[in-house]
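S.K.: My structure is in structure04.txt, and what it holds is compact mmCIF, C-alpha atoms:
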```
# COMPACT_ATOMS: atom_id res chain seq x y z
CA MET A 274 -29.43 -17.23 -14.10
CA LEU A 275 -27.69 -15.90 -11.02
CA SER A 276 -28.60 -17.38 -7.66
CA ARG A 277 -29.74 -15.04 -4.90
CA ARG A 278 -26.26 -15.29 -3.42
CA GLY A 279 -24.76 -14.50 -6.80
CA VAL A 280 -27.02 -11.49 -7.20
CA ARG A 281 -26.02 -10.21 -3.75
CA ARG A 282 -22.33 -10.60 -4.60
CA TRP A 283 -22.82 -8.90 -7.97
CA VAL A 284 -24.62 -5.99 -6.33
CA SER A 285 -21.94 -5.73 -3.62
CA SER A 286 -19.19 -5.76 -6.23
CA ALA A 287 -21.03 -3.14 -8.26
CA MET A 288 -21.42 -0.91 -5.21
CA VAL A 289 -17.72 -1.24 -4.42
CA SER A 290 -16.74 -0.44 -7.96
CA VAL A 291 -19.04 2.56 -8.25
CA ALA A 292 -17.83 4.01 -4.95
CA LEU A 293 -14.17 3.54 -5.73
CA ILE A 294 -14.44 4.72 -9.32
CA THR A 295 -16.53 7.73 -8.35
CA GLY A 296 -14.07 8.64 -5.63
CA ALA A 297 -11.11 8.26 -7.96
CA VAL A 298 -12.75 10.38 -10.65
CA VAL A 299 -13.76 13.10 -8.22
CA ILE A 300 -10.31 13.20 -6.66
CA GLY A 301 -8.61 12.98 -10.02
CA ALA A 302 -10.75 15.80 -11.35
CA SER A 303 -9.76 17.99 -8.40
CA SER A 304 -6.06 17.29 -8.68
CA GLY A 305 -5.15 20.59 -10.27
CA SER A 306 -4.35 23.82 -8.48
CA ALA A 307 -7.10 24.75 -6.08
CA ALA A 308 -8.94 27.99 -6.58
CA PRO A 309 -10.33 30.04 -3.69
CA GLY A 310 -13.51 28.43 -2.42
CA ASP A 311 -12.67 24.96 -3.77
CA VAL A 312 -13.62 22.04 -1.55
CA PRO A 313 -10.45 20.76 0.16
CA ARG A 314 -9.11 17.56 -1.36
CA PRO A 315 -9.46 14.61 1.05
CA SER A 316 -6.53 12.97 2.72
CA THR A 317 -7.48 9.61 1.26
CA GLY A 318 -4.15 8.27 0.07
CA SER A 319 -4.80 9.85 -3.32
CA SER A 320 -2.19 11.82 -5.15
CA ASP A 321 -2.26 15.34 -6.50
CA GLY A 322 -1.21 13.62 -9.71
CA PRO A 323 2.22 12.45 -10.80
CA GLY A 324 4.89 14.72 -12.15
CA PRO A 325 6.85 13.81 -15.25
CA ALA A 326 8.03 10.20 -15.39
CA GLU A 327 11.40 9.63 -13.78
CA PRO A 328 14.18 9.62 -16.38
CA THR A 329 15.64 6.20 -17.05
CA THR A 330 19.27 5.27 -17.50
CA ALA A 331 21.15 2.31 -18.89
CA PRO A 332 20.55 -0.45 -16.35
CA ALA A 333 23.37 -1.44 -14.03
CA PRO A 334 24.26 -5.14 -13.96
CA LEU A 335 23.33 -5.47 -10.26
CA ALA A 336 21.36 -3.33 -7.84
CA SER A 337 23.54 -1.28 -5.52
CA ILE A 338 23.25 1.58 -3.08
CA ASP A 339 24.26 4.72 -4.95
CA HIS A 340 24.42 7.03 -1.95
CA ILE A 341 22.75 7.83 1.38
CA GLU A 342 21.59 11.21 2.70
CA PRO A 343 20.64 11.58 6.38
CA ILE A 344 17.41 13.34 7.31
CA ASN A 345 18.33 12.96 10.97
CA ASP A 346 20.38 10.53 13.05
CA ARG A 347 18.04 7.59 12.38
CA TRP A 348 16.03 8.61 9.30
CA LEU A 349 17.81 8.23 5.98
CA ARG A 350 17.25 8.76 2.29
CA VAL A 351 18.74 5.75 0.54
CA TYR A 352 19.26 5.92 -3.22
CA VAL A 353 19.40 2.57 -5.00
CA ASP A 354 20.68 2.07 -8.53
CA SER A 355 18.01 -0.35 -9.76
CA PRO A 356 18.36 -2.40 -12.95
CA ALA A 357 14.67 -3.32 -12.74
CA MET A 358 13.50 0.29 -12.54
CA SER A 359 16.20 1.54 -14.95
CA ARG A 360 17.01 4.44 -12.67
CA VAL A 361 18.17 5.42 -9.21
CA VAL A 362 15.22 4.93 -6.84
CA GLU A 363 14.87 6.62 -3.47
CA VAL A 364 13.57 4.76 -0.46
CA GLN A 365 13.64 6.01 3.11
CA VAL A 366 14.90 3.99 6.05
CA LEU A 367 14.08 4.37 9.73
CA LEU A 368 16.59 2.82 12.12
CA PRO A 369 16.02 1.96 15.79
CA ARG A 370 17.92 3.74 18.53
CA GLU A 371 19.77 0.57 19.47
CA ARG A 372 21.68 -0.82 16.48
CA ASP A 373 24.23 -3.23 17.93
CA HIS A 374 22.60 -6.42 16.59
CA ALA A 375 20.76 -7.81 13.56
CA ARG A 376 17.00 -7.17 13.34
CA PRO A 377 13.95 -7.69 11.09
CA THR A 378 12.73 -5.23 8.48
CA VAL A 379 9.25 -3.79 7.90
CA TYR A 380 8.44 -2.57 4.39
CA MET A 381 5.75 0.16 4.28
CA LEU A 382 3.84 0.96 1.09
CA ASP A 383 2.09 4.26 0.52
CA GLY A 384 -1.40 4.87 -0.80
CA ARG A 385 -2.08 6.63 -4.05
CA ALA A 386 -0.44 9.75 -2.61
CA ALA A 387 2.99 8.29 -3.38
CA ASN A 388 4.70 11.65 -3.11
CA PRO A 389 8.00 11.83 -5.06
CA THR A 390 9.94 13.08 -2.03
CA SER A 391 8.30 11.43 0.99
CA ASN A 392 5.97 8.71 2.26
CA ASN A 393 2.69 9.39 4.03
CA TRP A 394 3.47 6.82 6.72
CA THR A 395 5.97 9.36 8.06
CA GLU A 396 4.27 12.55 6.88
CA GLN A 397 0.82 11.70 8.25
CA GLY A 398 1.12 8.32 9.94
CA HIS A 399 3.79 9.35 12.51
CA ALA A 400 5.86 6.26 11.70
CA GLU A 401 9.12 7.91 12.72
CA GLU A 402 7.94 8.39 16.28
CA PHE A 403 6.15 5.04 16.47
CA PHE A 404 9.17 2.96 15.45
CA GLU A 405 11.75 4.87 17.49
CA ASP A 406 11.74 2.24 20.26
CA LYS A 407 10.97 -0.77 18.04
CA ASP A 408 13.72 -3.28 17.29
CA VAL A 409 13.27 -3.22 13.51
CA ASN A 410 14.45 -1.46 10.40
CA VAL A 411 11.66 0.25 8.46
CA VAL A 412 11.86 0.78 4.69
CA LEU A 413 9.40 3.25 3.15
CA THR A 414 8.66 3.55 -0.55
CA VAL A 415 8.99 6.97 -2.18
CA GLY A 416 6.98 7.69 -5.31
CA GLY A 417 5.07 5.20 -7.43
CA PRO A 418 1.66 6.93 -7.82
CA ALA A 419 -1.04 4.62 -9.18
CA SER A 420 1.56 1.87 -9.64
CA PHE A 421 0.12 -0.70 -7.21
CA TYR A 422 3.81 -1.39 -6.43
CA THR A 423 3.83 -4.18 -8.97
CA ASP A 424 5.72 -5.10 -12.13
CA TRP A 425 4.12 -3.47 -15.14
CA GLN A 426 4.31 -5.18 -18.49
CA GLN A 427 5.31 -1.98 -20.31
CA PRO A 428 6.83 1.39 -19.37
CA ASP A 429 4.21 4.13 -19.24
CA PRO A 430 4.77 7.54 -20.90
CA VAL A 431 3.40 9.33 -17.81
CA LEU A 432 3.93 6.96 -14.89
CA GLY A 433 7.31 5.73 -16.11
CA THR A 434 8.96 2.36 -15.60
CA ASN A 435 7.27 0.42 -12.81
CA ARG A 436 8.99 -2.81 -11.82
CA TRP A 437 8.25 -2.40 -8.16
CA GLU A 438 7.76 -6.04 -7.29
CA THR A 439 11.20 -6.95 -8.59
CA PHE A 440 12.73 -3.91 -6.92
CA LEU A 441 11.04 -4.41 -3.54
CA THR A 442 11.35 -8.19 -3.30
CA LYS A 443 14.52 -9.08 -5.23
CA GLU A 444 16.84 -6.10 -5.42
CA LEU A 445 16.22 -4.16 -2.22
CA PRO A 446 16.11 -6.72 0.64
CA PRO A 447 19.70 -8.00 0.24
CA LEU A 448 20.99 -4.42 0.15
CA VAL A 449 19.01 -3.43 3.25
CA ASP A 450 20.10 -6.53 5.16
CA ALA A 451 23.75 -6.01 4.29
CA LYS A 452 23.87 -2.27 4.96
CA PHE A 453 21.54 -2.02 7.96
CA GLU A 454 22.04 -5.33 9.80
CA GLY A 455 18.83 -6.98 8.63
CA ASN A 456 18.36 -10.57 9.77
CA GLY A 457 16.34 -11.71 6.75
CA ARG A 458 12.95 -11.72 8.48
CA ASN A 459 10.48 -9.29 6.90
CA ALA A 460 6.96 -7.89 7.07
CA VAL A 461 5.04 -5.69 4.62
CA MET A 462 2.17 -3.32 5.28
CA GLY A 463 0.22 -0.84 3.22
CA VAL A 464 -2.75 1.49 3.14
CA SER A 465 -5.41 1.97 0.46
CA MET A 466 -3.71 1.16 -2.87
CA GLY A 467 -0.72 0.01 -0.83
CA ALA A 468 -2.92 -2.41 1.15
CA GLU A 469 -3.78 -4.34 -2.01
CA ALA A 470 -0.15 -4.10 -3.11
CA ALA A 471 1.10 -5.47 0.23
CA MET A 472 -1.19 -8.49 -0.05
CA MET A 473 -0.13 -9.04 -3.66
CA LEU A 474 3.55 -8.97 -2.79
CA ALA A 475 2.96 -11.28 0.18
CA PHE A 476 1.24 -14.03 -1.79
CA ARG A 477 3.46 -13.68 -4.86
CA GLN A 478 6.65 -13.84 -2.75
CA PRO A 479 5.51 -16.21 0.02
CA ARG A 480 8.98 -16.93 1.39
CA LEU A 481 9.93 -13.29 1.87
CA TYR A 482 7.38 -12.04 4.41
CA ALA A 483 6.42 -13.44 7.81
CA ALA A 484 3.59 -10.92 8.26
CA VAL A 485 1.35 -8.63 6.22
CA ALA A 486 -0.93 -5.80 7.37
CA ALA A 487 -3.47 -4.22 5.02
CA HIS A 488 -5.56 -1.18 5.91
CA SER A 489 -8.60 -0.07 3.88
CA GLY A 490 -7.85 -1.91 0.66
CA CYS A 491 -9.62 -3.89 -2.05
CA PHE A 492 -8.33 -7.28 -3.10
CA SER A 493 -10.08 -8.58 -6.23
CA MET A 494 -7.89 -7.40 -9.10
CA GLY A 495 -9.01 -10.28 -11.32
CA THR A 496 -12.76 -9.58 -11.23
CA ASP A 497 -14.43 -7.27 -13.72
CA PHE A 498 -15.17 -4.70 -11.05
CA GLY A 499 -11.80 -5.03 -9.34
CA GLN A 500 -10.05 -4.56 -12.65
CA ALA A 501 -12.28 -1.57 -13.45
CA GLN A 502 -11.33 0.00 -10.13
CA ALA A 503 -7.61 -0.50 -10.77
CA ARG A 504 -7.88 0.76 -14.33
CA THR A 505 -9.67 3.88 -13.15
CA ILE A 506 -6.97 4.63 -10.59
CA VAL A 507 -4.29 4.35 -13.28
CA ALA A 508 -6.30 6.36 -15.82
CA THR A 509 -7.09 9.21 -13.43
CA TYR A 510 -3.33 9.68 -13.07
CA ARG A 511 -3.02 9.83 -16.86
CA GLY A 512 -1.44 6.40 -17.12
CA LYS A 513 -2.47 3.74 -19.63
CA PRO A 514 -4.01 0.79 -17.75
CA ASP A 515 -3.01 -1.78 -20.38
CA ASN A 516 0.62 -1.02 -19.56
CA MET A 517 0.15 -2.59 -16.12
CA PHE A 518 -1.31 -6.07 -16.69
CA GLY A 519 -2.30 -5.95 -20.35
CA THR A 520 -5.70 -6.05 -21.96
CA GLN A 521 -8.86 -7.01 -20.08
CA ASN A 522 -8.49 -10.76 -20.68
CA ASP A 523 -4.78 -10.99 -19.94
CA PRO A 524 -4.18 -13.72 -17.29
CA ALA A 525 -1.88 -11.33 -15.41
CA TRP A 526 -4.96 -9.74 -13.82
CA LEU A 527 -5.92 -13.07 -12.29
CA ALA A 528 -2.33 -13.74 -11.26
CA HIS A 529 -2.44 -10.64 -9.04
CA ASP A 530 -5.87 -11.28 -7.48
CA VAL A 531 -5.54 -11.69 -3.71
CA MET A 532 -8.90 -13.41 -3.30
CA LEU A 533 -8.04 -16.06 -5.89
CA ASN A 534 -4.56 -16.62 -4.47
CA ALA A 535 -5.35 -16.35 -0.76
CA GLU A 536 -4.14 -19.89 -0.05
CA ALA A 537 -0.57 -18.71 -0.66
CA LEU A 538 -0.88 -16.53 2.46
CA ARG A 539 -1.34 -19.52 4.77
CA GLY A 540 1.19 -19.53 7.59
CA LYS A 541 1.70 -15.77 7.65
CA ALA A 542 0.52 -13.39 10.35
CA ILE A 543 -2.24 -11.35 8.72
CA TYR A 544 -3.86 -8.15 9.96
CA LEU A 545 -6.80 -6.46 8.22
CA SER A 546 -8.48 -3.20 9.18
CA VAL A 547 -11.14 -0.92 7.76
CA GLY A 548 -13.74 1.59 8.92
CA SER A 549 -17.43 1.70 8.07
CA GLY A 550 -17.39 5.01 6.22
CA LEU A 551 -19.56 6.70 8.84
CA PRO A 552 -18.06 9.83 10.43
CA GLY A 553 -15.91 8.92 13.40
CA GLU A 554 -13.82 10.50 16.10
CA TYR A 555 -11.55 12.37 13.68
CA ASP A 556 -14.33 13.62 11.39
CA THR A 557 -15.24 16.61 13.52
CA PRO A 558 -15.83 20.31 12.83
CA ASN A 559 -12.28 21.18 13.90
CA ASN A 560 -10.90 18.99 11.11
CA PRO A 561 -10.13 21.38 8.21
CA GLU A 562 -10.80 18.58 5.72
CA ILE A 563 -14.11 17.47 7.20
CA VAL A 564 -16.14 18.16 4.05
CA SER A 565 -13.89 16.11 1.84
CA THR A 566 -13.19 13.31 4.30
CA ILE A 567 -16.90 12.76 4.86
CA GLY A 568 -18.04 13.47 1.31
CA PHE A 569 -15.32 11.49 -0.47
CA GLY A 570 -13.55 9.48 2.21
CA GLY A 571 -16.80 8.16 3.65
CA PRO A 572 -18.01 6.39 0.48
CA LEU A 573 -14.50 5.17 -0.28
CA GLU A 574 -14.16 3.59 3.14
CA ALA A 575 -17.62 2.05 2.90
CA ALA A 576 -16.53 0.44 -0.37
CA THR A 577 -13.27 -0.88 1.05
CA ASN A 578 -15.24 -2.21 4.02
CA VAL A 579 -17.10 -4.51 1.62
CA CYS A 580 -13.79 -5.53 0.03
CA THR A 581 -12.21 -6.30 3.38
CA GLN A 582 -15.24 -8.22 4.64
CA ARG A 583 -15.06 -10.43 1.55
CA LEU A 584 -11.36 -11.13 2.06
CA ALA A 585 -11.90 -11.95 5.74
CA GLU A 586 -14.66 -14.37 4.71
CA ARG A 587 -12.34 -15.93 2.16
CA PHE A 588 -9.69 -16.53 4.82
CA ALA A 589 -12.33 -18.01 7.13
CA THR A 590 -13.48 -20.40 4.40
CA LEU A 591 -9.90 -21.53 3.86
CA GLY A 592 -9.26 -21.87 7.59
CA ILE A 593 -6.48 -19.29 7.52
CA PRO A 594 -6.21 -17.33 10.80
CA VAL A 595 -6.41 -13.55 10.51
CA THR A 596 -6.58 -10.70 12.98
CA SER A 597 -9.10 -8.11 11.81
CA HIS A 598 -10.44 -4.82 13.09
CA PHE A 599 -13.69 -3.60 11.56
CA ARG A 600 -14.32 -0.15 13.01
CA LEU A 601 -17.94 0.90 13.45
CA THR A 602 -17.08 4.38 12.21
CA GLY A 603 -14.24 6.07 10.36
CA THR A 604 -13.49 7.43 6.89
CA HIS A 605 -10.75 6.74 4.35
CA SER A 606 -8.21 9.05 5.96
CA TRP A 607 -4.88 9.05 7.72
CA PRO A 608 -5.81 9.61 11.36
CA TYR A 609 -7.48 6.19 11.41
CA TRP A 610 -4.56 4.49 9.66
CA ARG A 611 -2.19 6.07 12.16
CA ASP A 612 -4.14 4.34 14.92
CA GLU A 613 -4.14 1.06 12.98
CA LEU A 614 -0.35 1.08 12.83
CA ALA A 615 -0.29 0.69 16.61
CA ARG A 616 -3.15 -1.83 16.65
CA SER A 617 -1.52 -4.02 14.01
CA TRP A 618 1.91 -3.99 15.62
CA PRO A 619 1.38 -6.86 18.11
CA THR A 620 0.36 -9.17 15.24
CA VAL A 621 3.30 -8.10 13.09
CA SER A 622 5.90 -7.99 15.84
CA ARG A 623 5.11 -11.50 17.11
CA ALA A 624 5.67 -12.88 13.63
CA LEU A 625 8.98 -11.03 13.42
CA GLY A 626 10.10 -12.26 16.83
CA VAL A 627 10.44 -8.82 18.40
CA ALA A 628 8.76 -7.21 21.38
```
Taking this structure as input, can you express it in the form of structure tokens?

M.R.:
Amino acid sequence: MLSRRGVRRWVSSAMVSVALITGAVVIGASSGSAAPGDVPRPSTGSSDGPGPAEPTTAPAPLASIDHIEPINDRWLRVYVDSPAMSRVVEVQVLLPRERDHARPTVYMLDGRAANPTSNNWTEQGHAEEFFEDKDVNVVLTVGGPASFYTDWQQPDPVLGTNRWETFLTKELPPLVDAKFEGNGRNAVMGVSMGAEAAMMLAFRQPRLYAAVAAHSGCFSMGTDFGQAQARTIVATYRGKPDNMFGTQNDPAWLAHDVMLNAEALRGKAIYLSVGSGLPGEYDTPNNPEIVSTIGFGGPLEAATNVCTQRLAERFATLGIPVTSHFRLTGTHSWPYWRDELARSWPTVSRALGVA
């Protein structure tokens, strides 16, 4: 029989799962072309749905930069020939104005939006402007909808080959450091799906990152409800969940659970943020997406609030310091994450040794 505490945790987990799954299904169901009068789709880090899987090629023996295309004088499209991903993968790089010395690198993971040509940290999070005067390189993922930026066990017919962990942690950093004067000190941050992915990468590659920032994520991939949430995200984008970490009882699900592996994050600078789900300063009548951000983004953020509270409690139990910001209001939407980029920066920058 469950104890009272166990019942409370089960109920909390159930509420989280229901909210996240319901939100994913609703958003997934509305991912087609909108008809006149349709409710606007929320800006919740969710994708309109992936296009066809990227074509694969015969893998190169070593990762290399294929070519670079400038967007402007400090914003670049960098195309990497990746053996892990079996294709040329685009990332985008933001450079500081002053580039006469080596500097750290911040890796920024998208939410479920994972647009094939951009990253929402620049499109909606204003990262280009924010980092203009910061003494760091910034690397932004492009694409990877519903991938959790991890290494999948099998290629997926719809979502393609996903070996993101190997690409982001093994192949890419040496190329970035060599080409863009990186000094080998790194941080990773993400939002929504990317928040869980950032934490996973940080504990699975503990020597790579000095800091991790996670905004509005869930972190219990190994639990029944956490796995159900992840499977639903993959399925609503027409992927096959078993291709990620295998069947329900595969130990790979536990191996990617942040709560279970939180001890591996000891010694890193950690920043967590989340809203309450209640309408906040950006959820006003002049917001054209107010109906969807409140109706969908509110419950989603309330669910991730429970997830984030549990992770903060886990860190406290382990005696691992963490900087957290639990907002009294705010939905699962980009205006709040844009603000959190600035709030998290002092924690991240101190760990990187920059102002």

S.K.: Counting all atoms listed in the file, what are the residues of range 595-617 of chain A within 12 Å of range 396-420 of chain A, and for each of them which pair of atoms is the nearest and at what distance in Å, to one decimal? Sort the table by chain and rising number, as a Markdown table.

M.R.:
```
| residue | atom | partner | partner_atom | distance |
| --- | --- | --- | --- | --- |
| A:Ser606 | CA | A:Gln397 | CA | 9.7 |
| A:Trp607 | CA | A:Gln397 | CA | 6.3 |
| A:Pro608 | CA | A:Gly398 | CA | 7.2 |
| A:Tyr609 | CA | A:Gly398 | CA | 9.0 |
| A:Trp610 | CA | A:Gly398 | CA | 6.9 |
| A:Arg611 | CA | A:Gly398 | CA | 4.6 |
| A:Asp612 | CA | A:Gly398 | CA | 8.3 |
| A:Glu613 | CA | A:Gly398 | CA | 9.5 |
| A:Leu614 | CA | A:Gly398 | CA | 7.9 |
| A:Ala615 | CA | A:Phe403 | CA | 7.8 |
| A:Arg616 | CA | A:Phe403 | CA | 11.6 |
```

S.K.: Have a look at A:Asp497, A:Glu562, A:Glu554, A:Glu586 and name the one nearest to Ala535 in chain A; count only C-alpha atoms.

M.R.: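 Checking each candidate against Ala535 in chain A, we get A:Glu586 as the closest.
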
S.K.: Pick the closest to Ser622 in chain A from A:Gly467, A:Tyr510, A:Ala542, A:Ala387: which is it, counting all atoms listed in the file?

M.R.: A:Ala542

S.K.: May I ask for the distance between CA of Val627 in chain A and CA of Arg587 in chain A, given in Å to one decimal place?

M.R.: 28.9 Å

S.K.: Have a look at A:Leu591, A:Val621, A:Ala357, A:Ala460 and name the one nearest to Arg539 in chain A; count only C-alpha atoms.

M.R.: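 Using only C-alpha atoms, Arg539 in chain A sits closest to A:Leu591.
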
S.K.: Using all atoms listed in the file, which of the listed residues (A:Pro447, A:Met494, A:Val531, A:Arg504) sits closest to Arg477 in chain A?

M.R.: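 Of the candidates, the smallest distance to Arg477 in chain A is held by A:Val531.
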
S.K.: To one decimal place in Å, what is the distance between CA of Leu481 in chain A and CA of Ala537 in chain A?

M.R.: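 Pair CA of Leu481 in chain A / CA of Ala537 in chain A returns 12.1 Å.
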
S.K.: I'd like the neighbourhood of Thr604 in chain A as a PyMOL selection string, where a residue qualifies if any of its atoms comes within 9 Å (using only C-alpha atoms), though same-chain residues fewer than 2 positions away should be ignored.

M.R.: chain A and resi 317+547-553+555-556+566-567+569-575+602+606-607+609

S.K.: Can you work out the spacing between CA of Cys491 in chain A and CA of Thr581 in chain A in Å, to one decimal?

M.R.: 6.5 Å

S.K.: Quick one: what's the axis-aligned box for range 556-560 of chain A, all listed atoms, 8 Å on every side, centre and edges in Å to one decimal, as JSON?

M.R.:
```
{"center_x": -13.4, "center_y": 17.4, "center_z": 12.5, "size_x": 20.9, "size_y": 23.6, "size_z": 18.8}
```

S.K.: Kindly indicate which residue among A:Thr390, A:Leu601, A:Met472, A:Asn435 lies nearest to Tyr544 in chain A, using all atoms listed in the file for the distances.

M.R.: A:Met472

S.K.: Which polymer residues, protein or nucleic acid, are no farther than 10 Å from (6.3, -7.6, 13.8), counting only C-alpha atoms, as a list in words?

M.R.: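 The distance filter leaves exactly Pro377, Thr378, Val379, Lys407, Asp408, Val409, Arg458, Asn459, Ala460, Val461, Ala483, Ala484, Val485, Ala486, Ala542, Ser617, Trp618, Pro619, Thr620, Val621, Ser622, Arg623, Ala624, Leu625, Gly626, Val627 and Ala628 of chain A.
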
S.K.: In terms of the shortest atom-to-atom distance over all atoms listed in the file, which of A:Pro446, A:Pro334, A:Gly512, A:Pro430 is closest to Val364 in chain A?

M.R.: A:Pro446

S.K.: Compile the contact shell of Ala375 in chain A as a list in words: residues with an atom at most 7 Å away, counting only C-alpha atoms, same-chain residues fewer than 2 positions apart removed.

M.R.: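 Close residues of Ala375 in chain A: Glu454, Gly455 and Asn456 of chain A.
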
S.K.: Got a minute to add all heavy atoms to range 446-453 of chain A and dump it as a short mmCIF file (atom, residue, chain, number, x, y, z; two decimals), keeping the file's coordinate frame?

M.R.:
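Saved the output as selection_31.cif:
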```
data_model
loop_
_atom_site.label_atom_id
_atom_site.label_comp_id
_atom_site.auth_asym_id
_atom_site.auth_seq_id
_atom_site.Cartn_x
_atom_site.Cartn_y
_atom_site.Cartn_z
N PRO A 446 15.85 -6.06 -0.65
CA PRO A 446 16.11 -6.72 0.64
C PRO A 446 17.56 -7.11 0.90
O PRO A 446 18.06 -6.88 2.02
CB PRO A 446 15.18 -7.94 0.59
CG PRO A 446 14.05 -7.50 -0.28
CD PRO A 446 14.69 -6.67 -1.34
N PRO A 447 18.30 -7.68 -0.07
CA PRO A 447 19.70 -8.00 0.24
C PRO A 447 20.54 -6.77 0.55
O PRO A 447 21.44 -6.83 1.39
CB PRO A 447 20.19 -8.70 -1.05
CG PRO A 447 18.96 -9.16 -1.74
CD PRO A 447 17.90 -8.15 -1.41
N LEU A 448 20.24 -5.65 -0.11
CA LEU A 448 20.99 -4.42 0.15
C LEU A 448 20.68 -3.88 1.54
O LEU A 448 21.58 -3.45 2.27
CB LEU A 448 20.64 -3.36 -0.91
CG LEU A 448 20.96 -3.71 -2.36
CD1 LEU A 448 20.49 -2.60 -3.28
CD2 LEU A 448 22.46 -3.96 -2.55
N VAL A 449 19.41 -3.91 1.92
CA VAL A 449 19.01 -3.43 3.25
C VAL A 449 19.63 -4.31 4.33
O VAL A 449 20.17 -3.81 5.33
CB VAL A 449 17.47 -3.41 3.37
CG1 VAL A 449 17.03 -3.18 4.81
CG2 VAL A 449 16.88 -2.35 2.46
N ASP A 450 19.55 -5.62 4.15
CA ASP A 450 20.10 -6.53 5.16
C ASP A 450 21.60 -6.34 5.33
O ASP A 450 22.11 -6.35 6.45
CB ASP A 450 19.79 -7.98 4.79
CG ASP A 450 18.32 -8.34 4.98
OD1 ASP A 450 17.58 -7.52 5.58
OD2 ASP A 450 17.91 -9.42 4.53
N ALA A 451 22.29 -6.16 4.22
CA ALA A 451 23.75 -6.01 4.29
C ALA A 451 24.16 -4.67 4.89
O ALA A 451 25.11 -4.60 5.68
CB ALA A 451 24.35 -6.17 2.90
N LYS A 452 23.46 -3.61 4.53
CA LYS A 452 23.87 -2.27 4.96
C LYS A 452 23.36 -1.94 6.36
O LYS A 452 24.04 -1.24 7.12
CB LYS A 452 23.34 -1.23 3.96
CG LYS A 452 23.76 0.20 4.27
CD LYS A 452 25.27 0.37 4.13
CE LYS A 452 25.68 1.82 4.37
NZ LYS A 452 27.15 1.99 4.27
N PHE A 453 22.17 -2.44 6.72
CA PHE A 453 21.54 -2.02 7.96
C PHE A 453 21.27 -3.17 8.92
O PHE A 453 20.33 -3.13 9.72
CB PHE A 453 20.23 -1.28 7.64
CG PHE A 453 20.43 -0.08 6.75
CD1 PHE A 453 19.96 -0.10 5.44
CD2 PHE A 453 21.10 1.04 7.20
CE1 PHE A 453 20.15 0.99 4.60
CE2 PHE A 453 21.29 2.14 6.38
CZ PHE A 453 20.81 2.12 5.07
#
```
